[in-house]
file input_31.pdb (PDB, C-alpha atoms)
ATOM      1  CA  MET A   1      49.826   8.302  14.348
ATOM      2  CA  PRO A   2      47.740   5.750  16.252
ATOM      3  CA  PRO A   3      49.152   2.229  16.619
ATOM      4  CA  LEU A   4      48.611  -0.094  13.684
ATOM      5  CA  TYR A   5      47.004  -3.459  14.096
ATOM      6  CA  TYR A   6      47.784  -6.235  11.621
ATOM      7  CA  THR A   7      45.878  -9.155  10.258
ATOM      8  CA  TYR A   8      46.360 -11.458   7.283
ATOM      9  CA  TYR A   9      44.114 -12.722   4.521
ATOM     10  CA  GLN A  10      44.909 -15.579   2.140
ATOM     11  CA  SER A  11      43.688 -14.230  -1.197
ATOM     12  CA  PRO A  12      43.734 -15.744  -4.687
ATOM     13  CA  VAL A  13      46.903 -13.699  -5.353
ATOM     14  CA  GLY A  14      48.670 -14.794  -2.184
ATOM     15  CA  MET A  15      48.850 -13.737   1.425
ATOM     16  CA  LEU A  16      47.824 -10.135   2.097
ATOM     17  CA  LYS A  17      48.946  -8.208   5.145
ATOM     18  CA  ILE A  18      46.312  -5.710   6.261
ATOM     19  CA  GLY A  19      47.352  -2.925   8.616
ATOM     20  CA  GLY A  20      45.001  -0.416  10.109
ATOM     21  CA  THR A  21      43.721   1.536  13.066
ATOM     22  CA  ASP A  22      40.265   1.922  14.527
ATOM     23  CA  GLN A  23      39.598   4.623  11.912
ATOM     24  CA  TYR A  24      41.277   3.584   8.634
ATOM     25  CA  ILE A  25      43.331   1.105   6.610
ATOM     26  CA  ALA A  26      46.966   2.158   6.217
ATOM     27  CA  GLU A  27      48.445  -0.882   4.477
ATOM     28  CA  ILE A  28      47.550  -3.795   2.266
ATOM     29  CA  SER A  29      50.667  -5.524   1.033
ATOM     30  CA  PHE A  30      51.636  -8.840  -0.495
ATOM     31  CA  ILE A  31      53.538 -11.338   1.655
ATOM     32  CA  ASP A  32      55.833 -13.647  -0.293
ATOM     33  CA  LYS A  33      58.038 -14.945   2.515
ATOM     34  CA  GLN A  34      57.185 -16.123   6.001
ATOM     35  CA  GLU A  35      59.739 -13.727   7.516
ATOM     36  CA  GLN A  36      57.687 -10.796   6.163
ATOM     37  CA  VAL A  37      54.886 -11.676   8.582
ATOM     38  CA  GLU A  38      54.783  -9.180  11.432
ATOM     39  CA  HIS A  39      52.842  -9.344  14.582
ATOM     40  CA  GLY A  40      51.864  -5.773  15.429
ATOM     41  CA  GLU A  41      49.473  -4.789  18.148
ATOM     42  CA  PRO A  42      47.139  -7.662  18.953
ATOM     43  CA  GLY A  43      43.552  -7.357  17.846
ATOM     44  CA  ILE A  44      41.609  -6.404  14.772
ATOM     45  CA  SER A  45      39.565  -3.253  14.424
ATOM     46  CA  GLU A  46      36.097  -3.091  12.907
ATOM     47  CA  VAL A  47      37.586  -1.241   9.908
ATOM     48  CA  MET A  48      40.059  -4.092   9.340
ATOM     49  CA  HIS A  49      37.262  -6.645   9.590
ATOM     50  CA  GLN A  50      35.267  -4.619   7.030
ATOM     51  CA  CYS A  51      38.371  -4.455   4.795
ATOM     52  CA  THR A  52      38.762  -8.227   4.848
ATOM     53  CA  GLU A  53      35.073  -8.682   4.031
ATOM     54  CA  GLU A  54      35.296  -6.195   1.147
ATOM     55  CA  LEU A  55      38.412  -7.940  -0.220
ATOM     56  CA  ILE A  56      36.576 -11.275  -0.128
ATOM     57  CA  GLU A  57      33.686  -9.674  -2.041
ATOM     58  CA  PHE A  58      36.146  -8.167  -4.557
ATOM     59  CA  PHE A  59      37.806 -11.515  -5.221
ATOM     60  CA  ASN A  60      34.381 -13.175  -5.511
ATOM     61  CA  GLY A  61      33.404 -10.639  -8.186
ATOM     62  CA  LYS A  62      30.748  -9.046  -6.005
ATOM     63  CA  ARG A  63      32.497  -5.715  -5.227
ATOM     64  CA  ARG A  64      33.854  -3.097  -7.617
ATOM     65  CA  VAL A  65      34.273  -0.144  -5.242
ATOM     66  CA  PHE A  66      35.700  -0.233  -1.730
ATOM     67  CA  ASP A  67      33.954   1.688   1.044
ATOM     68  CA  ILE A  68      36.589   1.436   3.741
ATOM     69  CA  PRO A  69      38.437   4.592   4.824
ATOM     70  CA  VAL A  70      42.112   4.624   3.845
ATOM     71  CA  TYR A  71      45.052   6.812   4.822
ATOM     72  CA  GLN A  72      48.752   6.744   4.037
ATOM     73  CA  GLU A  73      51.321   9.363   4.905
ATOM     74  CA  GLY A  74      52.816  11.251   1.994
ATOM     75  CA  THR A  75      53.543  14.608   0.452
ATOM     76  CA  GLU A  76      50.810  16.756  -1.046
ATOM     77  CA  PHE A  77      51.780  15.477  -4.499
ATOM     78  CA  GLN A  78      51.681  11.839  -3.354
ATOM     79  CA  GLN A  79      48.254  12.364  -1.804
ATOM     80  CA  LYS A  80      47.061  13.850  -5.109
ATOM     81  CA  VAL A  81      48.365  10.815  -7.059
ATOM     82  CA  TRP A  82      46.832   8.282  -4.672
ATOM     83  CA  SER A  83      43.553  10.176  -4.751
ATOM     84  CA  GLU A  84      43.588  10.102  -8.561
ATOM     85  CA  LEU A  85      44.158   6.339  -8.534
ATOM     86  CA  LEU A  86      40.848   5.991  -6.699
ATOM     87  CA  ASN A  87      39.163   7.620  -9.717
ATOM     88  CA  ILE A  88      40.212   4.851 -12.132
ATOM     89  CA  SER A  89      37.105   2.785 -12.723
ATOM     90  CA  PHE A  90      36.950  -0.928 -11.998
ATOM     91  CA  GLY A  91      37.849  -2.911 -15.102
ATOM     92  CA  LYS A  92      39.597   0.055 -16.751
ATOM     93  CA  THR A  93      43.253   0.992 -17.141
ATOM     94  CA  ILE A  94      45.101   4.231 -17.792
ATOM     95  CA  SER A  95      48.710   4.855 -18.773
ATOM     96  CA  TYR A  96      51.284   6.625 -16.640
ATOM     97  CA  MET A  97      51.027   9.496 -19.146
ATOM     98  CA  ASP A  98      47.250   9.594 -18.662
ATOM     99  CA  LEU A  99      47.842   9.734 -14.911
ATOM    100  CA  ALA A 100      50.236  12.675 -15.309
ATOM    101  CA  LYS A 101      47.679  14.445 -17.533
ATOM    102  CA  ARG A 102      44.958  13.886 -14.931
ATOM    103  CA  LEU A 103      47.290  15.496 -12.394
ATOM    104  CA  GLY A 104      47.572  18.516 -14.675
ATOM    105  CA  ASP A 105      51.230  18.240 -15.702
ATOM    106  CA  VAL A 106      52.545  15.801 -18.319
ATOM    107  CA  LYS A 107      56.065  16.537 -17.055
ATOM    108  CA  SER A 108      55.143  14.861 -13.768
ATOM    109  CA  ILE A 109      55.002  11.416 -15.386
ATOM    110  CA  ARG A 110      58.111  10.061 -13.616
ATOM    111  CA  ALA A 111      57.098  11.481 -10.247
ATOM    112  CA  ALA A 112      53.596  10.101 -10.733
ATOM    113  CA  ALA A 113      54.985   6.674 -11.652
ATOM    114  CA  SER A 114      57.309   6.721  -8.647
ATOM    115  CA  THR A 115      54.454   7.663  -6.326
ATOM    116  CA  ASN A 116      52.264   4.966  -7.864
ATOM    117  CA  GLY A 117      54.961   2.476  -6.872
ATOM    118  CA  LYS A 118      55.017   3.791  -3.299
ATOM    119  CA  ASN A 119      51.331   3.069  -2.745
ATOM    120  CA  HIS A 120      51.022   1.024   0.464
ATOM    121  CA  ILE A 121      47.353   0.104   0.034
ATOM    122  CA  ALA A 122      47.338  -2.449  -2.788
ATOM    123  CA  ILE A 123      44.101  -3.359  -4.572
ATOM    124  CA  VAL A 124      41.932  -0.831  -2.678
ATOM    125  CA  VAL A 125      44.020   2.082  -4.002
ATOM    126  CA  PRO A 126      44.218   0.516  -7.465
ATOM    127  CA  CYS A 127      47.754   1.240  -8.637
ATOM    128  CA  HIS A 128      47.509  -2.004 -10.640
ATOM    129  CA  ARG A 129      45.216  -0.179 -13.099
ATOM    130  CA  VAL A 130      48.094   1.968 -14.390
ATOM    131  CA  ILE A 131      49.903   0.464 -17.389
ATOM    132  CA  GLY A 132      52.506   1.500 -19.939
ATOM    133  CA  SER A 133      51.674   3.945 -22.734
ATOM    134  CA  ASN A 134      52.015   1.081 -25.222
ATOM    135  CA  HIS A 135      49.384  -0.885 -23.240
ATOM    136  CA  THR A 136      51.909  -3.267 -21.689
ATOM    137  CA  LEU A 137      52.218  -4.364 -18.106
ATOM    138  CA  VAL A 138      55.026  -2.466 -16.439
ATOM    139  CA  GLY A 139      56.065  -2.166 -12.830
ATOM    140  CA  TYR A 140      54.118  -3.537  -9.913
ATOM    141  CA  ALA A 141      55.512  -3.952  -6.407
ATOM    142  CA  GLY A 142      53.489  -7.149  -5.981
ATOM    143  CA  GLY A 143      54.928  -8.645  -9.168
ATOM    144  CA  LEU A 144      53.668  -8.438 -12.735
ATOM    145  CA  TRP A 145      51.881 -11.795 -12.448
ATOM    146  CA  ARG A 146      49.655 -10.301  -9.727
ATOM    147  CA  LYS A 147      49.016  -7.152 -11.750
ATOM    148  CA  LYS A 148      47.991  -9.315 -14.720
ATOM    149  CA  TRP A 149      45.748 -11.473 -12.517
ATOM    150  CA  LEU A 150      44.032  -8.446 -10.939
ATOM    151  CA  LEU A 151      43.425  -6.751 -14.298
ATOM    152  CA  GLU A 152      42.119  -9.942 -15.912
ATOM    153  CA  HIS A 153      39.875 -10.570 -12.889
ATOM    154  CA  GLU A 154      38.406  -7.074 -13.147
ATOM    155  CA  MET A 155      37.946  -7.319 -16.925
ATOM    156  CA  LYS A 156      36.189 -10.659 -16.562
ATOM    157  CA  VAL A 157      33.866  -9.358 -13.843
ATOM    158  CA  ALA A 158      33.179  -6.030 -15.590
ATOM    159  CA  HIS A 159      33.002  -7.131 -19.212
ATOM    160  CA  GLY A 160      33.055 -10.919 -19.391
ATOM    161  CA  VAL A 161      36.483 -10.640 -21.028
ATOM    162  CA  GLN A 162      38.838 -13.487 -20.210
ATOM    163  CA  THR A 163      42.211 -12.124 -21.358
ATOM    164  CA  LEU A 164      43.559  -8.587 -21.412
ATOM    165  CA  PHE A 165      47.284  -9.250 -21.875
TER     166      PHE A 165
END

call {"tool": "encode", "arguments": {"input": "input_31.pdb", "output": "C-alpha coordinates"}}
result
Amino acid sequence: MPPLYYTYYQSPVGMLKIGGTDQYIAEISFIDKQEQVEHGEPGISEVMHQCTEELIEFFNGKRRVFDIPVYQEGTEFQQKVWSELLNISFGKTISYMDLAKRLGDVKSIRAAASTNGKNHIAIVVPCHRVIGSNHTLVGYAGGLWRKKWLLEHEMKVAHGVQTLF
(Lines of atoms letter the chains of each structure in order from A and count residues from 1; the text may use other names and numbers.)
(Lines give C-alpha, C1' and ligand atoms only; values in the text may rest on other atoms or scores of the structure.)
Protein backbone atom coordinates (compact mmCIF):
# COMPACT_ATOMS: atom_id res chain seq x y z
CA MET A 1 0.00 0.00 0.00
CA PRO A 2 1.40 3.42 -0.92
CA PRO A 3 2.11 5.86 1.92
CA LEU A 4 -0.85 7.84 3.20
CA TYR A 5 -0.78 11.59 3.39
CA TYR A 6 -2.99 13.38 5.91
CA THR A 7 -4.73 16.70 5.99
CA TYR A 8 -7.49 18.17 8.13
CA TYR A 9 -10.68 20.06 7.40
CA GLN A 10 -12.79 21.93 9.96
CA SER A 11 -16.33 20.98 8.94
CA PRO A 12 -19.71 21.92 10.43
CA VAL A 13 -19.65 18.56 12.26
CA GLY A 14 -16.15 19.00 13.65
CA MET A 15 -12.60 18.37 12.55
CA LEU A 16 -12.22 15.78 9.79
CA LYS A 17 -9.01 13.88 9.18
CA ILE A 18 -8.55 13.07 5.50
CA GLY A 19 -6.04 10.39 4.54
CA GLY A 20 -5.15 9.47 1.02
CA THR A 21 -2.58 8.68 -1.62
CA ASP A 22 -1.96 10.14 -5.04
CA GLN A 23 -4.68 7.83 -6.39
CA TYR A 24 -7.48 7.60 -3.79
CA ILE A 25 -8.95 8.57 -0.43
CA ALA A 26 -8.51 5.88 2.23
CA GLU A 27 -9.84 7.65 5.32
CA ILE A 28 -12.17 10.39 6.43
CA SER A 29 -12.64 10.29 10.17
CA PHE A 30 -13.88 12.56 12.92
CA ILE A 31 -11.33 14.06 15.31
CA ASP A 32 -12.68 14.78 18.79
CA LYS A 33 -9.43 15.16 20.72
CA GLN A 34 -6.22 16.95 19.86
CA GLU A 35 -4.18 13.80 20.55
CA GLN A 36 -6.00 12.08 17.65
CA VAL A 37 -4.27 14.44 15.21
CA GLU A 38 -1.55 12.60 13.32
CA HIS A 39 1.08 13.99 11.11
CA GLY A 40 1.65 11.43 8.37
CA GLU A 41 3.74 11.99 5.30
CA PRO A 42 4.01 15.70 4.56
CA GLY A 43 2.11 17.02 1.59
CA ILE A 44 -1.33 16.80 0.10
CA SER A 45 -2.17 14.98 -3.10
CA GLU A 46 -4.44 16.34 -5.81
CA VAL A 47 -7.04 13.70 -4.83
CA MET A 48 -7.00 14.95 -1.23
CA HIS A 49 -7.37 18.54 -2.41
CA GLN A 50 -10.34 17.46 -4.57
CA CYS A 51 -11.80 15.60 -1.56
CA THR A 52 -11.63 18.72 0.60
CA GLU A 53 -13.26 20.79 -2.14
CA GLU A 54 -16.04 18.21 -2.58
CA LEU A 55 -16.64 18.11 1.20
CA ILE A 56 -16.95 21.90 1.25
CA GLU A 57 -19.48 21.68 -1.60
CA PHE A 58 -21.38 18.93 0.27
CA PHE A 59 -21.62 21.00 3.45
CA ASN A 60 -22.67 24.05 1.41
CA GLY A 61 -25.52 22.02 -0.11
CA LYS A 62 -24.02 22.12 -3.59
CA ARG A 63 -22.89 18.46 -3.88
CA ARG A 64 -24.93 15.28 -3.52
CA VAL A 65 -22.55 12.75 -5.09
CA PHE A 66 -18.81 12.51 -4.55
CA ASP A 67 -16.52 11.95 -7.54
CA ILE A 68 -13.29 11.20 -5.73
CA PRO A 69 -11.84 7.68 -5.92
CA VAL A 70 -11.96 5.80 -2.61
CA TYR A 71 -10.35 2.59 -1.38
CA GLN A 72 -10.27 0.80 1.95
CA GLU A 73 -8.86 -2.62 2.68
CA GLY A 74 -11.37 -5.28 3.62
CA THR A 75 -12.73 -8.72 2.92
CA GLU A 76 -14.84 -9.45 -0.14
CA PHE A 77 -17.96 -9.15 2.01
CA GLN A 78 -16.84 -5.81 3.46
CA GLN A 79 -16.12 -4.47 -0.02
CA LYS A 80 -19.62 -5.55 -1.08
CA VAL A 81 -21.20 -3.72 1.90
CA TRP A 82 -19.20 -0.53 1.35
CA SER A 83 -20.04 -0.63 -2.34
CA GLU A 84 -23.74 -0.98 -1.50
CA LEU A 85 -23.55 2.04 0.81
CA LEU A 86 -22.52 4.11 -2.20
CA ASN A 87 -25.86 3.18 -3.81
CA ILE A 88 -27.94 4.84 -1.07
CA SER A 89 -29.21 8.07 -2.59
CA PHE A 90 -28.51 11.46 -1.05
CA GLY A 91 -31.31 12.44 1.31
CA LYS A 92 -32.54 8.84 1.68
CA THR A 93 -32.09 6.24 4.41
CA ILE A 94 -32.33 2.47 4.53
CA SER A 95 -32.46 0.10 7.49
CA TYR A 96 -29.82 -2.45 8.38
CA MET A 97 -32.34 -5.09 7.27
CA ASP A 98 -32.73 -3.33 3.92
CA LEU A 99 -28.95 -3.34 3.59
CA ALA A 100 -28.81 -7.09 4.27
CA LYS A 101 -31.58 -7.65 1.69
CA ARG A 102 -29.67 -5.60 -0.88
CA LEU A 103 -26.68 -7.85 -0.20
CA GLY A 104 -28.86 -10.86 -0.97
CA ASP A 105 -29.02 -12.46 2.48
CA VAL A 106 -31.24 -11.23 5.32
CA LYS A 107 -29.22 -13.42 7.69
CA SER A 108 -26.21 -11.18 7.06
CA ILE A 109 -27.79 -8.27 8.95
CA ARG A 110 -25.34 -8.39 11.88
CA ALA A 111 -22.31 -8.79 9.64
CA ALA A 112 -23.57 -5.97 7.44
CA ALA A 113 -24.11 -3.73 10.48
CA SER A 114 -20.66 -4.57 11.82
CA THR A 115 -19.06 -3.79 8.46
CA ASN A 116 -21.03 -0.55 8.23
CA GLY A 117 -19.43 0.44 11.53
CA LYS A 118 -15.95 -0.36 10.21
CA ASN A 119 -16.25 2.08 7.32
CA HIS A 120 -13.18 4.34 7.40
CA ILE A 121 -14.43 6.85 4.82
CA ALA A 122 -17.15 8.79 6.63
CA ILE A 123 -19.62 10.95 4.68
CA VAL A 124 -18.30 9.97 1.22
CA VAL A 125 -19.13 6.29 1.85
CA PRO A 126 -22.45 7.21 3.49
CA CYS A 127 -22.78 4.77 6.37
CA HIS A 128 -24.76 7.51 8.16
CA ARG A 129 -27.70 6.75 5.82
CA VAL A 130 -28.31 3.37 7.48
CA ILE A 131 -30.80 3.51 10.36
CA GLY A 132 -32.70 1.10 12.59
CA SER A 133 -35.63 -0.93 11.26
CA ASN A 134 -37.95 1.15 13.45
CA HIS A 135 -36.61 4.33 11.77
CA THR A 136 -34.50 5.37 14.76
CA LEU A 137 -30.93 6.55 14.83
CA VAL A 138 -28.68 3.73 15.95
CA GLY A 139 -24.93 3.35 15.95
CA TYR A 140 -22.53 5.77 14.37
CA ALA A 141 -18.79 5.84 15.04
CA GLY A 142 -18.81 9.64 14.79
CA GLY A 143 -21.57 9.93 17.39
CA LEU A 144 -25.33 9.98 16.95
CA TRP A 145 -25.43 13.79 17.01
CA ARG A 146 -23.31 13.83 13.84
CA LYS A 147 -25.45 11.17 12.17
CA LYS A 148 -28.56 13.24 12.96
CA TRP A 149 -26.90 16.42 11.66
CA LEU A 150 -25.79 14.76 8.41
CA LEU A 151 -29.21 13.22 7.75
CA GLU A 152 -31.05 16.46 8.53
CA HIS A 153 -28.62 18.39 6.31
CA GLU A 154 -29.24 16.01 3.41
CA MET A 155 -33.02 16.05 3.91
CA LYS A 156 -33.04 19.84 3.97
CA VAL A 157 -30.93 20.10 0.81
CA ALA A 158 -32.82 17.33 -1.04
CA HIS A 159 -36.38 18.00 0.09
CA GLY A 160 -36.50 21.27 2.02
CA VAL A 161 -37.32 19.22 5.13
CA GLN A 162 -35.96 20.67 8.35
CA THR A 163 -36.31 17.76 10.78
CA LEU A 164 -36.09 14.02 10.21
CA PHE A 165 -35.68 12.78 13.79

call {"tool": "resolve_selection", "arguments": {"input": "input_31.pdb", "expression": "the PyMOL selection byres ((chain A and resi 129-142) around 7)", "output": "number ranges by chain"}}
result
A: 30, 92-97, 117, 126-128, 143-144, 146-147, 151

call {"tool": "resolve_selection", "arguments": {"input": "input_31.pdb", "expression": "the PyMOL selection byres ((chain A and resi 59-75) around 6)", "output": "list of chain:residue names"}}
result
A:Tyr24, A:Ile25, A:Ala26, A:Ile56, A:Glu57, A:Phe58, A:Glu76, A:Phe77, A:Gln78, A:Phe90, A:Val157

call {"tool": "closest_residue", "arguments": {"input": "input_31.pdb", "among": "A:Leu150, A:Met155, A:Val47, A:Val81", "to": "Asp98 in chain A", "atoms": "all atoms listed in the file"}}
result
A:Val81

call {"tool": "resolve_selection", "arguments": {"input": "input_31.pdb", "expression": "the PyMOL selection byres ((chain A and resi 2) around 9)", "output": "PDB file with C-alpha atoms, keeping the file's coordinate frame"}}
result
ATOM      1  CA  MET A   1      49.826   8.302  14.348  1.00  0.00           C
ATOM      2  CA  PRO A   3      49.152   2.229  16.619  1.00  0.00           C
ATOM      3  CA  LEU A   4      48.611  -0.094  13.684  1.00  0.00           C
ATOM      4  CA  THR A  21      43.721   1.536  13.066  1.00  0.00           C
ATOM      5  CA  ASP A  22      40.265   1.922  14.527  1.00  0.00           C
TER       6      ASP A  22
END

call {"tool": "axis_aligned_box", "arguments": {"input": "input_31.pdb", "around": "range 51-62 of chain A", "padding_each_side": "3 Å", "output": "lines of an AutoDock Vina configuration file"}}
result
center_x = 34.8
center_y = -8.8
center_z = -1.7
size_x = 14.0
size_y = 14.7
size_z = 19.0

call {"tool": "atom_distance", "arguments": {"input": "input_31.pdb", "atom1": "CA of Gly20 in chain A", "atom2": "CA of Val124 in chain A"}}
result
13.2 Å

call {"tool": "atom_distance", "arguments": {"input": "input_31.pdb", "atom1": "CA of Ser11 in chain A", "atom2": "CA of Cys51 in chain A"}}
result
12.6 Å

call {"tool": "atom_distance", "arguments": {"input": "input_31.pdb", "atom1": "CA of Arg102 in chain A", "atom2": "CA of Thr115 in chain A"}}
result
14.2 Å

call {"tool": "residues_around", "arguments": {"input": "input_31.pdb", "residues": "Leu99 in chain A", "least_positions_apart": "4", "cutoff": "10 Å", "atoms": "only C-alpha atoms", "output": "list in words"}}
result
Val81, Glu84, Leu85, Ile88, Ile94, Ser95, Leu103, Gly104, Asp105, Val106, Ser108, Ile109, Ala112, Ala113, Asn116, Val130 and Ile131 of chain A

call {"tool": "closest_residue", "arguments": {"input": "input_31.pdb", "among": "A:Ser45, A:Ala158, A:Tyr5, A:Trp82", "to": "Ala122 in chain A", "atoms": "all atoms listed in the file"}}
result
A:Trp82

call {"tool": "decode", "arguments": {"input": "input_31.pdb", "residues": "range 125-141 of chain A", "atoms": "N, CA, C and O atoms", "output": "PDB file, in the first residue's frame"}}
result
ATOM      1  N   VAL A 125     -18.504   7.610   1.845  1.00  0.00           N
ATOM      2  CA  VAL A 125     -19.135   6.291   1.848  1.00  0.00           C
ATOM      3  C   VAL A 125     -20.192   6.406   2.944  1.00  0.00           C
ATOM      4  O   VAL A 125     -19.887   6.305   4.124  1.00  0.00           O
ATOM      5  N   PRO A 126     -21.443   6.675   2.557  1.00  0.00           N
ATOM      6  CA  PRO A 126     -22.446   7.206   3.486  1.00  0.00           C
ATOM      7  C   PRO A 126     -23.071   6.187   4.450  1.00  0.00           C
ATOM      8  O   PRO A 126     -24.271   5.903   4.408  1.00  0.00           O
ATOM      9  N   CYS A 127     -22.271   5.693   5.364  1.00  0.00           N
ATOM     10  CA  CYS A 127     -22.785   4.768   6.374  1.00  0.00           C
ATOM     11  C   CYS A 127     -23.799   5.454   7.289  1.00  0.00           C
ATOM     12  O   CYS A 127     -24.612   4.782   7.925  1.00  0.00           O
ATOM     13  N   HIS A 128     -23.796   6.780   7.328  1.00  0.00           N
ATOM     14  CA  HIS A 128     -24.761   7.509   8.156  1.00  0.00           C
ATOM     15  C   HIS A 128     -26.189   7.368   7.639  1.00  0.00           C
ATOM     16  O   HIS A 128     -27.136   7.640   8.371  1.00  0.00           O
ATOM     17  N   ARG A 129     -26.359   6.897   6.409  1.00  0.00           N
ATOM     18  CA  ARG A 129     -27.696   6.752   5.822  1.00  0.00           C
ATOM     19  C   ARG A 129     -28.376   5.441   6.206  1.00  0.00           C
ATOM     20  O   ARG A 129     -29.477   5.173   5.744  1.00  0.00           O
ATOM     21  N   VAL A 130     -27.718   4.633   7.035  1.00  0.00           N
ATOM     22  CA  VAL A 130     -28.313   3.372   7.483  1.00  0.00           C
ATOM     23  C   VAL A 130     -28.839   3.577   8.902  1.00  0.00           C
ATOM     24  O   VAL A 130     -28.102   3.999   9.796  1.00  0.00           O
ATOM     25  N   ILE A 131     -30.140   3.288   9.079  1.00  0.00           N
ATOM     26  CA  ILE A 131     -30.805   3.513  10.363  1.00  0.00           C
ATOM     27  C   ILE A 131     -31.466   2.225  10.846  1.00  0.00           C
ATOM     28  O   ILE A 131     -31.488   1.226  10.124  1.00  0.00           O
ATOM     29  N   GLY A 132     -32.021   2.263  12.035  1.00  0.00           N
ATOM     30  CA  GLY A 132     -32.701   1.104  12.589  1.00  0.00           C
ATOM     31  C   GLY A 132     -33.982   0.772  11.838  1.00  0.00           C
ATOM     32  O   GLY A 132     -34.585   1.635  11.202  1.00  0.00           O
ATOM     33  N   SER A 133     -34.413  -0.473  11.945  1.00  0.00           N
ATOM     34  CA  SER A 133     -35.634  -0.925  11.261  1.00  0.00           C
ATOM     35  C   SER A 133     -36.865  -0.153  11.718  1.00  0.00           C
ATOM     36  O   SER A 133     -37.830  -0.007  10.974  1.00  0.00           O
ATOM     37  N   ASN A 134     -36.827   0.370  12.932  1.00  0.00           N
ATOM     38  CA  ASN A 134     -37.952   1.155  13.455  1.00  0.00           C
ATOM     39  C   ASN A 134     -37.765   2.655  13.173  1.00  0.00           C
ATOM     40  O   ASN A 134     -38.391   3.491  13.809  1.00  0.00           O
ATOM     41  N   HIS A 135     -36.881   2.955  12.229  1.00  0.00           N
ATOM     42  CA  HIS A 135     -36.606   4.330  11.775  1.00  0.00           C
ATOM     43  C   HIS A 135     -35.977   5.205  12.849  1.00  0.00           C
ATOM     44  O   HIS A 135     -36.183   6.426  12.860  1.00  0.00           O
ATOM     45  N   THR A 136     -35.208   4.602  13.745  1.00  0.00           N
ATOM     46  CA  THR A 136     -34.497   5.369  14.763  1.00  0.00           C
ATOM     47  C   THR A 136     -33.019   5.438  14.422  1.00  0.00           C
ATOM     48  O   THR A 136     -32.499   4.611  13.666  1.00  0.00           O
ATOM     49  N   LEU A 137     -32.378   6.430  14.983  1.00  0.00           N
ATOM     50  CA  LEU A 137     -30.929   6.551  14.829  1.00  0.00           C
ATOM     51  C   LEU A 137     -30.256   5.533  15.740  1.00  0.00           C
ATOM     52  O   LEU A 137     -30.495   5.534  16.941  1.00  0.00           O
ATOM     53  N   VAL A 138     -29.451   4.687  15.159  1.00  0.00           N
ATOM     54  CA  VAL A 138     -28.681   3.729  15.947  1.00  0.00           C
ATOM     55  C   VAL A 138     -27.270   3.690  15.397  1.00  0.00           C
ATOM     56  O   VAL A 138     -27.062   3.818  14.198  1.00  0.00           O
ATOM     57  N   GLY A 139     -26.321   3.551  16.294  1.00  0.00           N
ATOM     58  CA  GLY A 139     -24.933   3.347  15.947  1.00  0.00           C
ATOM     59  C   GLY A 139     -24.346   4.282  14.910  1.00  0.00           C
ATOM     60  O   GLY A 139     -24.828   4.343  13.795  1.00  0.00           O
ATOM     61  N   TYR A 140     -23.323   4.995  15.300  1.00  0.00           N
ATOM     62  CA  TYR A 140     -22.527   5.774  14.366  1.00  0.00           C
ATOM     63  C   TYR A 140     -21.208   6.079  15.052  1.00  0.00           C
ATOM     64  O   TYR A 140     -21.188   6.680  16.133  1.00  0.00           O
ATOM     65  N   ALA A 141     -20.114   5.663  14.427  1.00  0.00           N
ATOM     66  CA  ALA A 141     -18.791   5.836  15.036  1.00  0.00           C
ATOM     67  C   ALA A 141     -18.488   7.297  15.348  1.00  0.00           C
ATOM     68  O   ALA A 141     -17.789   7.600  16.299  1.00  0.00           O
TER      69      ALA A 141
END
